[in-house]
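Have a look at the structure below before the remarks.
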Amino acid sequence: MDAIQSILVYTVVLGSLYLLIALGFSLICGVLGIFNLGYGATFLVAIYGMWMLLSTIGVNLWVAIIGVFILQFLFTLGIIYFPIVKRYMEKEELLLTSLLLVSLIVEETVNHFYPVTAGVDIPTAIFSHTLQLGSVSIPAQMLIVIIAAVLITAFFVYFLMKTRIGFKIRAISQQLEASRLLGVRVERVYALAMILSVVPPTICMLIIAPIWAIEPNMGHSLLQTAILVTILGGLGNLRGTVMASFIVGLIASSVAFLGNPRLVGMSILLVVFFVMIFKPQGIAKSETLW
Amino acid sequence: MSLLTIENVTKRFGGLTAVDNVSMEIKEGEIVGLIGPNGAGKTTLMNLIAGTFNPEEGKIVFDGHDITKLEPFQVCRRGVSRTYQIPRPFPDMTALMNVGVGVLCGKKRPNMSLVDGMLDASHCLEFVGLFGKRNILARDLSLFELRALELARALATTPRLILIDEVMAGLNQAEGRVAIRLIEKIIEEFHVTILWIEHVMKIIMEATQRVVVLHYGEIISSGLPGEIANDPQVIEAYLGEKIA
Ligand SMILES: Nc1ncnc2c1ncn2[C@@H]1O[C@H](COP(=O)(O)OP(=O)(O)OP(=O)(O)O)[C@@H](O)[C@H]1O
Ligand SMILES: [Mg+2]
């Protein structure tokens, strides 16, 4: 009984977390049709950008939060989109290699200025106590993760389904060439999608930084999570991504509470691997973004 | 007055010269047929006009503006639209939304809401006879309906020049007749200029005022439909394939 309660609670908590981690990656996969391997660096820019603003430059918390978003937009447009993605869109090997290189450079830079031993302390915790749900206790801050996941997903869906720009984004994701010919300014919409894509990971990091182990190489496992969820969700379908996040959450919590916590990573990888082999289109029902 | 002027345009794909030093002119209101054997470079020429490709050499002028190096969205907003030989709908959008993309993006309309866009789109759909199918996903439409949808989408951008790439391909005779009638209706109603690729000679002969013949990327003949049909070079280009 306790195990079932734990599994339920953690499916929701982890599912929300995975969703925040994967949403931006999935959007770019669906709209631009690429794997943004620079996405891992987005998490580092969020956390260490914040830490740089707070500790090295010494601004107050609110200025730092605004600053980190600006930094993120500059990073994604000025380093990821315009110099690399836009230029190498049609040349996949160059695209993937350069994106990977950029994320490694970011990691090395972070490691140089803020090595693990120096520690990072980001005071964005809203709750610092733990919460007792039946027999399960979780950090109350995790509630914010759930709320953020719901709100951001709702915003994404609203934006895609109800706004003009969202309409153009969907057109591009379904038939690129016809969109161009019908007057859609594809490059501009791409740039906007890139901006949108860094919002969830930034918010996610701001929420969990206070309760997580922060290290300069954390981008890899976060990128891996984003990739796995996106593949399972059908490469860019947002509804699929939402479902996939919670499925992965369910796998992780079931294995952790019924089996061995050390097998969590392995079981997620195996499930996604078999989905790729037997159902490469993932769990999504259609090609649309939603 | 000349609406479209193509001057010495060349496009190569690697070693292959798909369009070779082509020059032609289309006057406002003209219906011009573009014919030639498979692989002659007809579709490529349309792609050059629409901005999908840029030519290596030469110049394309539309309505007095040099459009040679413009992006497709810019060419579209200047008043050129096209249909595809193989329809390219937005598969997971309804017919109405497919046309809506053209309405909302084909001209600069920053203040038009999605709802107003869809209203305009429904007029275009009605014009091509697809109003009853407005809520059907494009992936579920028949080939004939997709061709009508392509025409509706082209109209939605309020073009002055429409590039039509083979409406007839794959349609049966009855459908073909409806499609031709539809294009005639578009010409009557909107006074558009048309460059029209078609393999069915009979249609080119009946529906166009002037015909240009491409062969291996070069213009080998052009003139009135009747003249073209009797041009030995043209006959050879078409028959040559079969006899050789
Ligand atoms: N994107 C491309 N890349 C490389 N070669 C191409 C490309 N597009 C067309 N070609 C080549 O250019 C030549 C002209 O092709 P195009 O499609 O313009 O012919 P077409 O006259 O439209 O023929 P069809 O009647 O079969 O439609 C062909 O040899 C074709 O293989
Ligand atoms: Mg063709």
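Lettering and numbering for the structure tokens are positional, with chains as A, B, ... in the shown order, residues counted from 1 in each chain, and ligands counted from 1 in the shown order.
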
Once you count only C-alpha atoms and all ligand atoms, which residues end up within 12 Å of ligand 2, and could you hand them over as a ChimeraX atom specification? /B:18,34-47,83-86,163-167,169,196-199,214,217

Could you take the residues named above and write them with N, CA and C atoms, as a PDB file, in the first residue's frame?
```
ATOM      1  N   ALA B  18      19.463  22.297 -65.291  1.00  0.00           N
ATOM      2  CA  ALA B  18      18.024  22.031 -65.341  1.00  0.00           C
ATOM      3  C   ALA B  18      17.288  23.123 -66.103  1.00  0.00           C
ATOM      4  N   LEU B  34       3.143  26.039 -70.391  1.00  0.00           N
ATOM      5  CA  LEU B  34       4.558  25.663 -70.369  1.00  0.00           C
ATOM      6  C   LEU B  34       4.600  24.147 -70.530  1.00  0.00           C
ATOM      7  N   ILE B  35       5.151  23.694 -71.644  1.00  0.00           N
ATOM      8  CA  ILE B  35       5.170  22.254 -71.871  1.00  0.00           C
ATOM      9  C   ILE B  35       6.600  21.789 -72.128  1.00  0.00           C
ATOM     10  N   GLY B  36       6.748  20.481 -72.205  1.00  0.00           N
ATOM     11  CA  GLY B  36       8.064  19.894 -72.447  1.00  0.00           C
ATOM     12  C   GLY B  36       8.085  18.503 -71.864  1.00  0.00           C
ATOM     13  N   PRO B  37       8.961  17.644 -72.389  1.00  0.00           N
ATOM     14  CA  PRO B  37       9.010  16.257 -71.917  1.00  0.00           C
ATOM     15  C   PRO B  37       9.383  16.183 -70.432  1.00  0.00           C
ATOM     16  N   ASN B  38       9.249  15.021 -69.839  1.00  0.00           N
ATOM     17  CA  ASN B  38       9.621  14.829 -68.421  1.00  0.00           C
ATOM     18  C   ASN B  38      11.059  15.256 -68.193  1.00  0.00           C
ATOM     19  N   GLY B  39      11.282  15.971 -67.106  1.00  0.00           N
ATOM     20  CA  GLY B  39      12.646  16.388 -66.770  1.00  0.00           C
ATOM     21  C   GLY B  39      13.145  17.566 -67.585  1.00  0.00           C
ATOM     22  N   ALA B  40      12.246  18.237 -68.298  1.00  0.00           N
ATOM     23  CA  ALA B  40      12.660  19.347 -69.158  1.00  0.00           C
ATOM     24  C   ALA B  40      13.063  20.581 -68.352  1.00  0.00           C
ATOM     25  N   GLY B  41      12.628  20.649 -67.098  1.00  0.00           N
ATOM     26  CA  GLY B  41      12.970  21.806 -66.269  1.00  0.00           C
ATOM     27  C   GLY B  41      11.798  22.736 -66.002  1.00  0.00           C
ATOM     28  N   LYS B  42      10.590  22.270 -66.277  1.00  0.00           N
ATOM     29  CA  LYS B  42       9.407  23.116 -66.103  1.00  0.00           C
ATOM     30  C   LYS B  42       9.178  23.470 -64.636  1.00  0.00           C
ATOM     31  N   THR B  43       9.158  22.434 -63.792  1.00  0.00           N
ATOM     32  CA  THR B  43       8.933  22.683 -62.366  1.00  0.00           C
ATOM     33  C   THR B  43      10.066  23.529 -61.786  1.00  0.00           C
ATOM     34  N   THR B  44      11.292  23.246 -62.237  1.00  0.00           N
ATOM     35  CA  THR B  44      12.431  24.021 -61.751  1.00  0.00           C
ATOM     36  C   THR B  44      12.263  25.505 -62.091  1.00  0.00           C
ATOM     37  N   LEU B  45      11.782  25.779 -63.293  1.00  0.00           N
ATOM     38  CA  LEU B  45      11.573  27.180 -63.678  1.00  0.00           C
ATOM     39  C   LEU B  45      10.560  27.845 -62.741  1.00  0.00           C
ATOM     40  N   MET B  46       9.511  27.113 -62.399  1.00  0.00           N
ATOM     41  CA  MET B  46       8.537  27.659 -61.450  1.00  0.00           C
ATOM     42  C   MET B  46       9.166  27.894 -60.083  1.00  0.00           C
ATOM     43  N   ASN B  47       9.989  26.939 -59.659  1.00  0.00           N
ATOM     44  CA  ASN B  47      10.666  27.113 -58.369  1.00  0.00           C
ATOM     45  C   ASN B  47      11.563  28.349 -58.374  1.00  0.00           C
ATOM     46  N   THR B  83       0.765  26.239 -57.363  1.00  0.00           N
ATOM     47  CA  THR B  83       0.246  24.955 -56.899  1.00  0.00           C
ATOM     48  C   THR B  83       1.310  23.913 -57.201  1.00  0.00           C
ATOM     49  N   TYR B  84       1.209  22.780 -56.540  1.00  0.00           N
ATOM     50  CA  TYR B  84       2.211  21.737 -56.712  1.00  0.00           C
ATOM     51  C   TYR B  84       1.704  20.594 -57.569  1.00  0.00           C
ATOM     52  N   GLN B  85       2.631  20.066 -58.339  1.00  0.00           N
ATOM     53  CA  GLN B  85       2.395  18.874 -59.138  1.00  0.00           C
ATOM     54  C   GLN B  85       1.895  17.733 -58.236  1.00  0.00           C
ATOM     55  N   ILE B  86       2.624  17.519 -57.133  1.00  0.00           N
ATOM     56  CA  ILE B  86       2.155  16.591 -56.105  1.00  0.00           C
ATOM     57  C   ILE B  86       1.668  17.478 -54.953  1.00  0.00           C
ATOM     58  N   LEU B 163       1.129  30.254 -60.643  1.00  0.00           N
ATOM     59  CA  LEU B 163       1.904  29.238 -61.342  1.00  0.00           C
ATOM     60  C   LEU B 163       1.211  27.909 -61.078  1.00  0.00           C
ATOM     61  N   ILE B 164       0.705  27.294 -62.128  1.00  0.00           N
ATOM     62  CA  ILE B 164      -0.031  26.028 -61.950  1.00  0.00           C
ATOM     63  C   ILE B 164       0.823  24.883 -62.479  1.00  0.00           C
ATOM     64  N   ASP B 165       1.172  23.954 -61.591  1.00  0.00           N
ATOM     65  CA  ASP B 165       2.005  22.831 -61.996  1.00  0.00           C
ATOM     66  C   ASP B 165       1.149  21.573 -62.087  1.00  0.00           C
ATOM     67  N   GLU B 166       0.652  21.294 -63.294  1.00  0.00           N
ATOM     68  CA  GLU B 166      -0.110  20.063 -63.557  1.00  0.00           C
ATOM     69  C   GLU B 166      -1.289  19.802 -62.627  1.00  0.00           C
ATOM     70  N   VAL B 167      -2.405  20.436 -62.933  1.00  0.00           N
ATOM     71  CA  VAL B 167      -3.621  20.082 -62.182  1.00  0.00           C
ATOM     72  C   VAL B 167      -4.182  18.756 -62.603  1.00  0.00           C
ATOM     73  N   ALA B 169      -2.789  15.877 -63.645  1.00  0.00           N
ATOM     74  CA  ALA B 169      -2.114  14.609 -63.392  1.00  0.00           C
ATOM     75  C   ALA B 169      -2.873  13.770 -62.368  1.00  0.00           C
ATOM     76  N   TRP B 196       1.086  27.975 -66.866  1.00  0.00           N
ATOM     77  CA  TRP B 196       0.390  26.712 -66.636  1.00  0.00           C
ATOM     78  C   TRP B 196       1.157  25.542 -67.261  1.00  0.00           C
ATOM     79  N   ILE B 197       1.683  24.671 -66.409  1.00  0.00           N
ATOM     80  CA  ILE B 197       2.338  23.454 -66.891  1.00  0.00           C
ATOM     81  C   ILE B 197       1.297  22.358 -67.012  1.00  0.00           C
ATOM     82  N   GLU B 198       1.273  21.685 -68.142  1.00  0.00           N
ATOM     83  CA  GLU B 198       0.337  20.558 -68.272  1.00  0.00           C
ATOM     84  C   GLU B 198       0.868  19.609 -69.337  1.00  0.00           C
ATOM     85  N   HIS B 199       0.702  18.317 -69.069  1.00  0.00           N
ATOM     86  CA  HIS B 199       1.143  17.350 -70.068  1.00  0.00           C
ATOM     87  C   HIS B 199       0.066  17.059 -71.104  1.00  0.00           C
ATOM     88  N   LEU B 214       9.837  23.829 -73.351  1.00  0.00           N
ATOM     89  CA  LEU B 214      11.166  23.599 -72.776  1.00  0.00           C
ATOM     90  C   LEU B 214      11.630  22.200 -73.163  1.00  0.00           C
ATOM     91  N   GLY B 217      15.991  21.936 -70.520  1.00  0.00           N
ATOM     92  CA  GLY B 217      16.251  23.219 -69.882  1.00  0.00           C
ATOM     93  C   GLY B 217      16.247  24.424 -70.791  1.00  0.00           C
TER      94      GLY B 217
END
```

If DSSP is run on the backbone, what residues of range 63-259 of chain A are helix (DSSP H, G or I)? A reply as a PyMOL selection string would be ideal. chain A and resi 63-88+92-113+116-118+141-162+164-174+176-181+186-197+199-211+218-232+238-258

With C-alpha atoms retained, write the just-selected residues as a compact mmCIF listing (two decimals), in the first residue's frame.
```txt
# COMPACT_ATOMS: atom_id res chain seq x y z
CA VAL A 63 17.09 41.34 -11.29
CA ALA A 64 18.93 38.04 -11.55
CA ILE A 65 15.79 36.20 -12.61
CA ILE A 66 15.06 38.72 -15.35
CA GLY A 67 18.75 38.74 -16.26
CA VAL A 68 18.93 34.98 -16.61
CA PHE A 69 16.04 34.96 -19.07
CA ILE A 70 17.74 37.64 -21.15
CA LEU A 71 20.97 35.65 -21.00
CA GLN A 72 19.11 32.54 -22.12
CA PHE A 73 17.52 34.32 -25.09
CA LEU A 74 20.87 35.78 -26.12
CA PHE A 75 22.49 32.37 -25.81
CA THR A 76 19.85 30.50 -27.78
CA LEU A 77 19.61 33.06 -30.59
CA GLY A 78 23.14 34.44 -30.63
CA ILE A 79 25.03 31.19 -30.24
CA ILE A 80 22.68 28.30 -31.03
CA TYR A 81 20.22 29.55 -33.64
CA PHE A 82 21.83 32.14 -35.90
CA PRO A 83 25.42 30.89 -36.12
CA ILE A 84 24.66 27.16 -36.09
CA VAL A 85 21.09 25.99 -36.59
CA LYS A 86 20.15 28.50 -39.28
CA ARG A 87 23.37 27.94 -41.19
CA TYR A 88 23.54 24.14 -40.94
CA GLU A 92 22.86 17.36 -40.31
CA GLU A 93 26.36 16.15 -39.39
CA LEU A 94 27.70 19.69 -39.17
CA LEU A 95 24.64 20.77 -37.24
CA LEU A 96 24.84 18.03 -34.62
CA THR A 97 28.61 18.27 -34.24
CA SER A 98 28.61 22.03 -33.77
CA LEU A 99 25.76 21.89 -31.28
CA LEU A 100 27.57 19.23 -29.31
CA LEU A 101 30.76 21.28 -29.36
CA VAL A 102 28.98 24.36 -28.10
CA SER A 103 27.48 22.49 -25.20
CA LEU A 104 30.89 21.06 -24.30
CA ILE A 105 32.44 24.52 -24.47
CA VAL A 106 29.75 25.88 -22.18
CA GLU A 107 30.37 23.03 -19.78
CA GLU A 108 34.13 23.63 -19.75
CA THR A 109 33.62 27.33 -19.22
CA VAL A 110 31.29 26.72 -16.32
CA ASN A 111 33.68 24.18 -14.88
CA HIS A 112 36.52 26.68 -15.07
CA PHE A 113 34.76 29.54 -13.32
CA VAL A 116 31.99 21.63 -8.33
CA THR A 117 33.97 22.20 -5.18
CA ALA A 118 33.03 25.88 -5.07
CA GLN A 141 9.18 22.80 -3.49
CA MET A 142 8.24 19.89 -5.74
CA LEU A 143 4.65 21.15 -5.68
CA ILE A 144 5.91 24.19 -7.56
CA VAL A 145 7.34 21.87 -10.20
CA ILE A 146 3.91 20.33 -10.69
CA ILE A 147 2.18 23.69 -10.88
CA ALA A 148 4.78 25.06 -13.28
CA ALA A 149 4.50 22.01 -15.53
CA VAL A 150 0.73 22.39 -15.74
CA LEU A 151 0.84 26.14 -16.36
CA ILE A 152 3.61 26.06 -18.94
CA THR A 153 2.05 23.17 -20.84
CA ALA A 154 -1.28 24.98 -20.84
CA PHE A 155 0.46 28.10 -22.13
CA PHE A 156 2.21 26.17 -24.89
CA VAL A 157 -0.99 24.49 -26.00
CA TYR A 158 -2.92 27.76 -25.93
CA PHE A 159 -0.16 29.52 -27.83
CA LEU A 160 0.03 26.85 -30.52
CA MET A 161 -3.69 26.36 -30.95
CA LYS A 162 -5.13 29.82 -30.47
CA ARG A 164 -1.60 33.43 -35.17
CA ILE A 165 2.03 32.67 -34.48
CA GLY A 166 1.08 29.28 -33.12
CA PHE A 167 -0.87 28.67 -36.30
CA LYS A 168 2.22 29.44 -38.38
CA ILE A 169 4.34 27.20 -36.18
CA ARG A 170 1.96 24.32 -36.81
CA ALA A 171 1.90 24.98 -40.55
CA ILE A 172 5.70 24.87 -40.69
CA SER A 173 5.84 21.66 -38.70
CA GLN A 174 3.46 19.97 -41.14
CA LEU A 176 7.69 23.39 -44.61
CA GLU A 177 7.88 24.21 -48.29
CA ALA A 178 4.22 25.03 -48.72
CA SER A 179 4.43 27.32 -45.68
CA ARG A 180 7.24 29.27 -47.27
CA LEU A 181 5.36 29.56 -50.53
CA VAL A 186 9.94 30.62 -41.64
CA GLU A 187 13.27 31.83 -40.20
CA ARG A 188 11.50 34.30 -37.96
CA VAL A 189 9.11 31.68 -36.68
CA TYR A 190 12.07 29.35 -36.05
CA ALA A 191 13.80 32.03 -33.99
CA LEU A 192 10.66 32.48 -31.97
CA ALA A 193 10.33 28.75 -31.38
CA MET A 194 13.94 28.73 -30.15
CA ILE A 195 13.08 31.48 -27.66
CA LEU A 196 9.99 29.61 -26.49
CA SER A 197 11.99 26.41 -26.08
CA VAL A 199 11.52 29.00 -21.16
CA PRO A 200 10.54 25.65 -19.58
CA PRO A 201 14.11 24.52 -18.79
CA THR A 202 14.94 27.92 -17.29
CA ILE A 203 11.88 27.90 -15.07
CA CYS A 204 12.53 24.28 -14.19
CA MET A 205 16.07 25.01 -13.07
CA LEU A 206 15.03 28.05 -11.06
CA ILE A 207 12.57 25.88 -9.18
CA ILE A 208 14.71 22.85 -8.51
CA ALA A 209 18.16 24.41 -8.13
CA PRO A 210 17.68 24.91 -4.38
CA ILE A 211 16.90 21.23 -3.81
CA MET A 218 24.55 17.95 -15.20
CA GLY A 219 23.57 19.05 -18.73
CA HIS A 220 24.27 15.59 -20.15
CA SER A 221 21.76 13.67 -18.10
CA LEU A 222 19.14 16.39 -18.52
CA LEU A 223 19.64 16.37 -22.30
CA GLN A 224 19.41 12.59 -22.21
CA THR A 225 16.12 12.77 -20.32
CA ALA A 226 14.77 15.29 -22.84
CA ILE A 227 15.80 13.09 -25.77
CA LEU A 228 14.28 9.92 -24.29
CA VAL A 229 10.98 11.58 -23.44
CA THR A 230 10.82 13.21 -26.88
CA ILE A 231 11.48 9.94 -28.70
CA LEU A 232 8.88 8.12 -26.64
CA LEU A 238 3.42 17.83 -27.42
CA ARG A 239 0.55 15.64 -26.35
CA GLY A 240 2.85 12.66 -26.83
CA THR A 241 5.54 14.44 -24.84
CA VAL A 242 3.16 15.04 -21.93
CA MET A 243 2.12 11.40 -21.93
CA ALA A 244 5.69 10.19 -22.32
CA SER A 245 6.85 12.32 -19.38
CA PHE A 246 4.39 10.68 -17.05
CA ILE A 247 5.03 7.21 -18.46
CA VAL A 248 8.74 7.68 -17.78
CA GLY A 249 7.81 9.02 -14.35
CA LEU A 250 5.76 5.90 -13.73
CA ILE A 251 8.56 3.61 -14.87
CA ALA A 252 11.08 5.44 -12.71
CA SER A 253 8.97 5.41 -9.57
CA SER A 254 7.76 1.82 -10.01
CA VAL A 255 11.25 0.50 -10.52
CA ALA A 256 12.53 2.58 -7.62
CA PHE A 257 9.89 1.48 -5.14
CA LEU A 258 9.18 -2.07 -6.27
```

Using only C-alpha atoms, select each residue of chain B with any atom at most 10 Å away from an atom of chain A, and give the selection as a ChimeraX atom specification. /B:47,50-52,71-78,80-84,87-93,97-108,110,112-115,117,150,153-154,156-157

To one decimal place in Å, what is the distance between CA of Ala46 in chain A and CA of Val12 in chain A? 23.9 Å

For CA of Asn60 in chain A and CA of Ala41 in chain A, the interatomic separation in Å (one decimal):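 Separating CA of Asn60 in chain A from CA of Ala41 in chain A is a distance of 23.9 Å.
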
Within 9 Å of Glu25 in chain B, counting only C-alpha atoms, which residues qualify if same-chain residues fewer than 4 places away don't, as an NGL selection string? :B and (2-7)

Go ahead and save the picked residues with all heavy atoms, as a CSV table (one decimal), in the first residue's frame.
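part-v8.csv, freshly written:
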```csv
chain,number,residue,atom,x,y,z
B,2,SER,N,4.3,44.1,-69.4
B,2,SER,CA,4.8,42.8,-69.0
B,2,SER,C,4.8,42.7,-67.5
B,2,SER,O,5.2,43.6,-66.7
B,2,SER,CB,6.3,42.8,-69.5
B,2,SER,OG,7.0,41.9,-68.7
B,3,LEU,N,4.2,41.6,-67.0
B,3,LEU,CA,4.1,41.4,-65.6
B,3,LEU,C,5.3,40.6,-65.1
B,3,LEU,O,5.8,40.9,-64.0
B,3,LEU,CB,2.8,40.6,-65.3
B,3,LEU,CG,2.5,40.3,-63.8
B,3,LEU,CD1,2.2,41.6,-63.1
B,3,LEU,CD2,1.3,39.4,-63.7
B,4,LEU,N,5.7,39.6,-65.8
B,4,LEU,CA,6.9,38.8,-65.4
B,4,LEU,C,7.9,38.8,-66.6
B,4,LEU,O,7.5,38.5,-67.7
B,4,LEU,CB,6.4,37.4,-65.1
B,4,LEU,CG,7.6,36.5,-64.7
B,4,LEU,CD1,7.9,36.7,-63.2
B,4,LEU,CD2,7.1,35.0,-64.8
B,5,THR,N,9.1,39.1,-66.2
B,5,THR,CA,10.2,39.1,-67.3
B,5,THR,C,11.3,38.2,-66.7
B,5,THR,O,11.8,38.4,-65.6
B,5,THR,CB,10.7,40.5,-67.6
B,5,THR,OG1,9.7,41.3,-67.8
B,5,THR,CG2,11.6,40.4,-68.8
B,6,ILE,N,11.6,37.2,-67.5
B,6,ILE,CA,12.7,36.3,-67.1
B,6,ILE,C,13.8,36.5,-68.1
B,6,ILE,O,13.6,36.4,-69.3
B,6,ILE,CB,12.2,34.8,-67.2
B,6,ILE,CG1,11.1,34.6,-66.2
B,6,ILE,CG2,13.4,33.8,-66.9
B,6,ILE,CD1,10.5,33.2,-66.2
B,7,GLU,N,15.0,36.8,-67.6
B,7,GLU,CA,16.1,37.2,-68.5
B,7,GLU,C,17.3,36.2,-68.3
B,7,GLU,O,17.9,36.3,-67.3
B,7,GLU,CB,16.6,38.6,-68.3
B,7,GLU,CG,15.8,39.7,-68.9
B,7,GLU,CD,16.2,41.1,-68.4
B,7,GLU,OE1,17.4,41.3,-68.2
B,7,GLU,OE2,15.3,41.9,-68.3
```

Could you please determine the separation between CA of Asn237 in chain A and CA of Met118 in chain B in Å, to one decimal place?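 Between CA of Asn237 in chain A and CA of Met118 in chain B the gap works out to 24.3 Å.
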
Could you check which of B:Cys124, B:Leu149, B:Gly170, B:Thr158 is closest to Thr193 in chain B, using only C-alpha atoms? B:Thr158

Long-range neighbours of range 219-221 of chain B as an NGL selection string, 9 Å cut-off, only C-alpha atoms, 3 positions minimum in chain: :B and (20-24 or 211-216 or 228 or 231 or 233-234 or 237)

Write out as a compact mmCIF listing (two decimals) with N, CA and C atoms, in the first residue's frame each polymer residue whose atoms come within 10 Å of Gly226 in chain B, counting only C-alpha atoms; drop sequence neighbours fewer than 4 positions from it.
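So selection.txt came out as:
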```txt
# COMPACT_ATOMS: atom_id res chain seq x y z
N MET B 205 -3.78 23.37 -75.64
CA MET B 205 -4.23 23.94 -76.90
C MET B 205 -5.50 24.77 -76.71
N GLU B 206 -6.40 24.25 -75.88
CA GLU B 206 -7.70 24.92 -75.74
C GLU B 206 -7.68 26.07 -74.74
N GLN B 209 -3.29 30.88 -74.27
CA GLN B 209 -3.21 31.81 -75.40
C GLN B 209 -1.86 31.72 -76.09
N ARG B 210 -0.87 31.21 -75.35
CA ARG B 210 0.48 31.16 -75.89
C ARG B 210 1.19 30.01 -75.20
N VAL B 211 2.09 29.36 -75.90
CA VAL B 211 2.75 28.19 -75.33
C VAL B 211 4.27 28.34 -75.45
N ASN B 230 2.48 22.28 -84.64
CA ASN B 230 3.03 21.86 -85.94
C ASN B 230 4.53 22.13 -86.08
N ASP B 231 5.16 22.59 -85.01
CA ASP B 231 6.59 22.89 -85.05
C ASP B 231 7.38 21.59 -85.06
```
